[in-house]
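Q: So that you have it, the file is protein17.pdb, and it contains PDB, C-alpha atoms:
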```pdb
ATOM      1  CA  MET L  24     145.176  28.597  77.134  1.00  0.00           C
ATOM      2  CA  SER L  25     144.457  28.014  73.453  1.00  0.00           C
ATOM      3  CA  GLU L  26     140.747  28.731  74.055  1.00  0.00           C
ATOM      4  CA  GLU L  27     141.501  32.429  74.621  1.00  0.00           C
ATOM      5  CA  TRP L  28     143.026  32.712  71.147  1.00  0.00           C
ATOM      6  CA  ASP L  29     139.957  31.187  69.518  1.00  0.00           C
ATOM      7  CA  ASN L  30     137.501  33.738  70.963  1.00  0.00           C
ATOM      8  CA  LYS L  31     136.622  36.700  68.763  1.00  0.00           C
ATOM      9  CA  THR L  32     136.167  40.127  70.383  1.00  0.00           C
ATOM     10  CA  VAL L  33     134.652  42.910  68.280  1.00  0.00           C
ATOM     11  CA  ILE L  34     135.359  46.458  69.419  1.00  0.00           C
ATOM     12  CA  GLY L  35     133.089  49.289  68.321  1.00  0.00           C
ATOM     13  CA  PHE L  36     130.330  47.043  67.012  1.00  0.00           C
ATOM     14  CA  LYS L  37     127.165  49.042  66.250  1.00  0.00           C
ATOM     15  CA  ARG L  38     123.733  47.645  66.897  1.00  0.00           C
ATOM     16  CA  GLN L  39     121.480  47.483  63.905  1.00  0.00           C
ATOM     17  CA  THR L  40     118.848  50.179  63.963  1.00  0.00           C
ATOM     18  CA  ALA L  41     115.500  50.217  62.229  1.00  0.00           C
ATOM     19  CA  LYS L  42     115.764  51.280  58.617  1.00  0.00           C
ATOM     20  CA  VAL L  43     113.428  53.954  57.271  1.00  0.00           C
ATOM     21  CA  THR L  44     112.346  53.186  53.736  1.00  0.00           C
ATOM     22  CA  LYS L  45     112.403  56.052  51.302  1.00  0.00           C
ATOM     23  CA  LYS L  46     112.827  54.432  47.894  1.00  0.00           C
ATOM     24  CA  ASP L  47     110.159  52.536  45.963  1.00  0.00           C
ATOM     25  CA  SER L  48     112.434  49.519  45.670  1.00  0.00           C
ATOM     26  CA  GLU L  49     112.549  49.154  49.450  1.00  0.00           C
ATOM     27  CA  LEU L  50     108.765  49.198  49.934  1.00  0.00           C
ATOM     28  CA  ASN L  51     106.802  45.995  50.138  1.00  0.00           C
ATOM     29  CA  GLY L  52     104.540  44.899  47.260  1.00  0.00           C
ATOM     30  CA  GLU L  53     101.297  46.486  48.490  1.00  0.00           C
ATOM     31  CA  HIS L  54     102.801  49.933  48.999  1.00  0.00           C
ATOM     32  CA  ARG L  55     104.576  49.793  45.650  1.00  0.00           C
ATOM     33  CA  LEU L  56     101.366  48.858  43.877  1.00  0.00           C
ATOM     34  CA  ALA L  57      99.436  51.585  45.700  1.00  0.00           C
ATOM     35  CA  ARG L  58     101.974  54.237  44.737  1.00  0.00           C
ATOM     36  CA  ARG L  59     101.985  53.132  41.100  1.00  0.00           C
ATOM     37  CA  THR L  60      98.219  53.394  40.825  1.00  0.00           C
ATOM     38  CA  GLY L  61      98.219  56.815  42.495  1.00  0.00           C
ATOM     39  CA  ALA L  62      96.379  55.739  45.625  1.00  0.00           C
ATOM     40  CA  VAL L  63      97.013  57.554  48.877  1.00  0.00           C
ATOM     41  CA  VAL L  64      99.548  55.779  51.050  1.00  0.00           C
ATOM     42  CA  ALA L  65      99.307  56.524  54.754  1.00  0.00           C
ATOM     43  CA  THR L  66     102.600  57.175  56.466  1.00  0.00           C
ATOM     44  CA  ASP L  67     102.874  57.646  60.201  1.00  0.00           C
ATOM     45  CA  LYS L  68     105.525  59.904  61.649  1.00  0.00           C
ATOM     46  CA  LYS L  69     107.158  58.955  64.890  1.00  0.00           C
ATOM     47  CA  ILE L  70     106.275  61.368  67.659  1.00  0.00           C
ATOM     48  CA  ALA L  71     109.777  61.969  69.002  1.00  0.00           C
ATOM     49  CA  SER L  72     111.683  61.749  65.730  1.00  0.00           C
ATOM     50  CA  GLY L  73     113.926  64.628  64.742  1.00  0.00           C
ATOM     51  CA  SER L  74     113.876  66.345  68.104  1.00  0.00           C
ATOM     52  CA  ASN L  75     116.719  67.051  70.434  1.00  0.00           C
ATOM     53  CA  LYS L  76     116.010  65.097  73.582  1.00  0.00           C
ATOM     54  CA  ALA L  77     118.378  67.282  75.601  1.00  0.00           C
ATOM     55  CA  HIS L  78     116.130  70.314  75.039  1.00  0.00           C
ATOM     56  CA  VAL L  79     112.680  69.011  75.815  1.00  0.00           C
ATOM     57  CA  GLY L  80     110.260  71.843  76.571  1.00  0.00           C
ATOM     58  CA  THR L  81     110.551  75.588  76.033  1.00  0.00           C
ATOM     59  CA  ASP L  82     112.967  76.251  78.866  1.00  0.00           C
ATOM     60  CA  HIS L  83     115.844  76.965  76.487  1.00  0.00           C
ATOM     61  CA  GLN L  84     113.710  79.486  74.598  1.00  0.00           C
ATOM     62  CA  ARG L  85     112.980  81.388  77.801  1.00  0.00           C
ATOM     63  CA  ILE L  86     116.668  81.445  78.702  1.00  0.00           C
ATOM     64  CA  ALA L  87     117.602  82.704  75.223  1.00  0.00           C
ATOM     65  CA  LYS L  88     115.032  85.479  75.524  1.00  0.00           C
ATOM     66  CA  LEU L  89     116.518  86.525  78.869  1.00  0.00           C
ATOM     67  CA  ASP L  90     119.968  86.611  77.304  1.00  0.00           C
ATOM     68  CA  ARG L  91     118.744  88.876  74.512  1.00  0.00           C
ATOM     69  CA  GLU L  92     117.117  91.251  77.008  1.00  0.00           C
ATOM     70  CA  ASN L  93     120.298  91.556  79.072  1.00  0.00           C
ATOM     71  CA  GLU L  94     122.593  92.401  76.164  1.00  0.00           C
ATOM     72  CA  VAL L  95     125.443  94.690  77.079  1.00  0.00           C
ATOM     73  CA  ALA L  96     125.094  98.070  75.395  1.00  0.00           C
ATOM     74  CA  PRO L  97     127.871  98.901  72.955  1.00  0.00           C
ATOM     75  CA  PRO L  98     130.426 101.390  74.275  1.00  0.00           C
ATOM     76  CA  PRO L  99     129.673 105.045  73.536  1.00  0.00           C
ATOM     77  CA  LYS L 100     131.257 106.591  70.460  1.00  0.00           C
ATOM     78  CA  VAL L 101     132.915 109.990  70.187  1.00  0.00           C
ATOM     79  CA  ALA L 102     130.376 112.823  69.939  1.00  0.00           C
ATOM     80  CA  PRO L 103     130.075 114.430  66.486  1.00  0.00           C
ATOM     81  CA  SER L 104     130.920 117.821  68.041  1.00  0.00           C
ATOM     82  CA  VAL L 105     134.347 116.445  69.032  1.00  0.00           C
ATOM     83  CA  GLY L 106     135.012 115.332  65.450  1.00  0.00           C
ATOM     84  CA  ARG L 107     133.985 118.720  64.055  1.00  0.00           C
ATOM     85  CA  ALA L 108     136.132 120.568  66.619  1.00  0.00           C
ATOM     86  CA  MET L 109     139.121 118.365  65.760  1.00  0.00           C
ATOM     87  CA  GLN L 110     138.688 118.924  62.044  1.00  0.00           C
ATOM     88  CA  THR L 111     138.320 122.715  62.266  1.00  0.00           C
ATOM     89  CA  ALA L 112     141.323 123.031  64.619  1.00  0.00           C
ATOM     90  CA  ARG L 113     143.405 120.766  62.360  1.00  0.00           C
ATOM     91  CA  LEU L 114     142.521 122.799  59.264  1.00  0.00           C
ATOM     92  CA  GLU L 115     143.283 126.093  61.081  1.00  0.00           C
ATOM     93  CA  LYS L 116     146.792 124.810  61.833  1.00  0.00           C
ATOM     94  CA  GLN L 117     147.005 123.475  58.247  1.00  0.00           C
ATOM     95  CA  PHE L 118     147.756 119.901  59.298  1.00  0.00           C
ATOM     96  CA  THR L 119     146.736 116.884  57.266  1.00  0.00           C
ATOM     97  CA  GLN L 120     145.453 113.866  59.153  1.00  0.00           C
ATOM     98  CA  LYS L 121     148.738 112.155  58.394  1.00  0.00           C
ATOM     99  CA  ASP L 122     150.768 115.075  59.836  1.00  0.00           C
ATOM    100  CA  LEU L 123     148.691 115.234  62.996  1.00  0.00           C
ATOM    101  CA  ALA L 124     148.862 111.458  63.423  1.00  0.00           C
ATOM    102  CA  ALA L 125     152.662 111.614  63.209  1.00  0.00           C
ATOM    103  CA  ARG L 126     152.738 114.407  65.836  1.00  0.00           C
ATOM    104  CA  ILE L 127     150.739 112.402  68.366  1.00  0.00           C
ATOM    105  CA  ASN L 128     152.268 108.996  67.444  1.00  0.00           C
ATOM    106  CA  GLU L 129     149.005 107.419  66.283  1.00  0.00           C
ATOM    107  CA  LYS L 130     147.845 105.925  62.994  1.00  0.00           C
ATOM    108  CA  PRO L 131     145.963 108.154  60.526  1.00  0.00           C
ATOM    109  CA  SER L 132     143.060 105.681  60.645  1.00  0.00           C
ATOM    110  CA  VAL L 133     142.626 106.495  64.353  1.00  0.00           C
ATOM    111  CA  LEU L 134     142.216 110.183  63.490  1.00  0.00           C
ATOM    112  CA  GLN L 135     139.731 109.310  60.740  1.00  0.00           C
ATOM    113  CA  ASP L 136     137.657 107.350  63.232  1.00  0.00           C
ATOM    114  CA  TYR L 137     137.697 110.223  65.739  1.00  0.00           C
ATOM    115  CA  GLU L 138     136.752 112.848  63.147  1.00  0.00           C
ATOM    116  CA  SER L 139     133.941 110.710  61.715  1.00  0.00           C
ATOM    117  CA  GLY L 140     132.603 109.850  65.194  1.00  0.00           C
ATOM    118  CA  LYS L 141     133.184 106.100  64.910  1.00  0.00           C
ATOM    119  CA  ALA L 142     135.915 105.786  67.562  1.00  0.00           C
ATOM    120  CA  ILE L 143     135.475 104.770  71.171  1.00  0.00           C
ATOM    121  CA  PRO L 144     136.899 107.690  73.174  1.00  0.00           C
ATOM    122  CA  ASN L 145     140.306 107.103  74.725  1.00  0.00           C
ATOM    123  CA  PRO L 146     141.355 109.776  77.255  1.00  0.00           C
ATOM    124  CA  GLN L 147     145.058 109.396  76.381  1.00  0.00           C
ATOM    125  CA  ILE L 148     144.501 110.000  72.666  1.00  0.00           C
ATOM    126  CA  LEU L 149     142.102 112.866  73.364  1.00  0.00           C
ATOM    127  CA  GLY L 150     144.712 114.441  75.666  1.00  0.00           C
ATOM    128  CA  LYS L 151     147.393 114.190  72.946  1.00  0.00           C
ATOM    129  CA  LEU L 152     145.012 115.720  70.413  1.00  0.00           C
ATOM    130  CA  GLU L 153     144.109 118.564  72.779  1.00  0.00           C
ATOM    131  CA  ARG L 154     147.786 119.447  73.282  1.00  0.00           C
ATOM    132  CA  ALA L 155     148.651 119.159  69.571  1.00  0.00           C
ATOM    133  CA  LEU L 156     145.642 121.170  68.350  1.00  0.00           C
ATOM    134  CA  GLY L 157     145.338 123.585  71.291  1.00  0.00           C
ATOM    135  CA  VAL L 158     141.583 122.944  71.467  1.00  0.00           C
ATOM    136  CA  LYS L 159     139.448 121.453  74.242  1.00  0.00           C
ATOM    137  CA  LEU L 160     137.955 118.078  73.195  1.00  0.00           C
ATOM    138  CA  ARG L 161     136.664 116.721  76.537  1.00  0.00           C
ATOM    139  CA  GLY L 162     134.042 117.887  79.011  1.00  0.00           C
ATOM    140  CA  ALA L 163     132.160 121.150  78.573  1.00  0.00           C
ATOM    141  CA  ASN L 164     133.095 123.850  76.037  1.00  0.00           C
ATOM    142  CA  ILE L 165     134.305 121.454  73.342  1.00  0.00           C
ATOM    143  CA  GLY L 166     136.114 123.336  70.587  1.00  0.00           C
ATOM    144  CA  GLN L 167     137.236 126.195  72.843  1.00  0.00           C
ATOM    145  CA  LYS L 168     140.890 127.272  72.646  1.00  0.00           C
ATOM    146  CA  LEU L 169     143.059 126.023  75.481  1.00  0.00           C
ATOM    147  CA  GLU L 170     144.699 128.569  77.738  1.00  0.00           C
ATOM    148  CA  GLY L 171     148.369 128.242  78.576  1.00  0.00           C
ATOM    149  CA  PRO L 172     149.554 126.499  81.729  1.00  0.00           C
ATOM    150  CA  LYS L 173     147.963 127.893  84.906  1.00  0.00           C
ATOM    151  CA  LYS L 174     150.191 130.182  86.913  1.00  0.00           C
ATOM    152  CA  THR L 175     149.832 130.179  90.672  1.00  0.00           C
TER     153      THR L 175
END
```
Transcribe the structure of this file into structure tokens.
A:
Amino acid sequence: MSEEWDNKTVIGFKRQTAKVTKKDSELNGEHRLARRTGAVVATDKKIASGSNKAHVGTDHQRIAKLDRENEVAPPPKVAPSVGRAMQTARLEKQFTQKDLAARINEKPSVLQDYESGKAIPNPQILGKLERALGVKLRGANIGQKLEGPKKT
């Protein structure tokens, strides 16, 4: 029973690995002397040193190239004609961007993005803008005045 207490178990003990010498003090006498005199010292590089053994070969490069080729196109932005039509209709009604944004319950920055052509078109926002400005902003005839409700 007392023998178990005398044994020493080391957890997480690392094996000693080969040490690469970089400093002059670590080199042996011949190399040190050769470096001091300016002679050429031959150093051999290990073949597999500094490489990632998980990615041997060019397979990962081919896969990365395929990924780049299959990139998803960014979503389409609002056409510049829509922004111009919005701006002219807004100025005709003498609304500021802030006033129009308050009327349609959106932020003024959203209107700025639509007028500058940077926004991704949202049918709900475009519908609100069409009703508030009385101008067609979707489909054909962008910028045309909207007629009243259709009577049947």
Q: Set the distance at 12 Å and use all atoms listed in the file: which residues neighbour Ala155 in chain L once local chain neighbours fewer than 4 positions away are removed? I'd like the list as a VMD selection string.
A: chain L and resid 109 112 to 113 116 118 122 to 128 148 to 151 159 to 160 168 to 169
Q: May I ask for the distance between CA of Thr119 in chain L and CA of Arg161 in chain L, given in Å to one decimal place?
A: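 Atom-to-atom, CA of Thr119 in chain L and CA of Arg161 in chain L are spaced 21.7 Å apart.
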Q: How many Å separate CA of Val95 in chain L from CA of Lys141 in chain L?
A: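 Between CA of Val95 in chain L and CA of Lys141 in chain L the gap is 18.4 Å.
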Q: Would you compute the distance between CA of Asn145 in chain L and CA of Leu114 in chain L? Give it in Å to one decimal.
A: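 Value for the CA of Asn145 in chain L-CA of Leu114 in chain L distance: 22.1 Å.
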Q: Using all atoms listed in the file, find the one residue out of L:Asn30, L:Gly35, L:Ile143, L:Gly166 that sits nearest to Pro98 in chain L.
A: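 Closest residue, counting all atoms listed in the file: L:Ile143.
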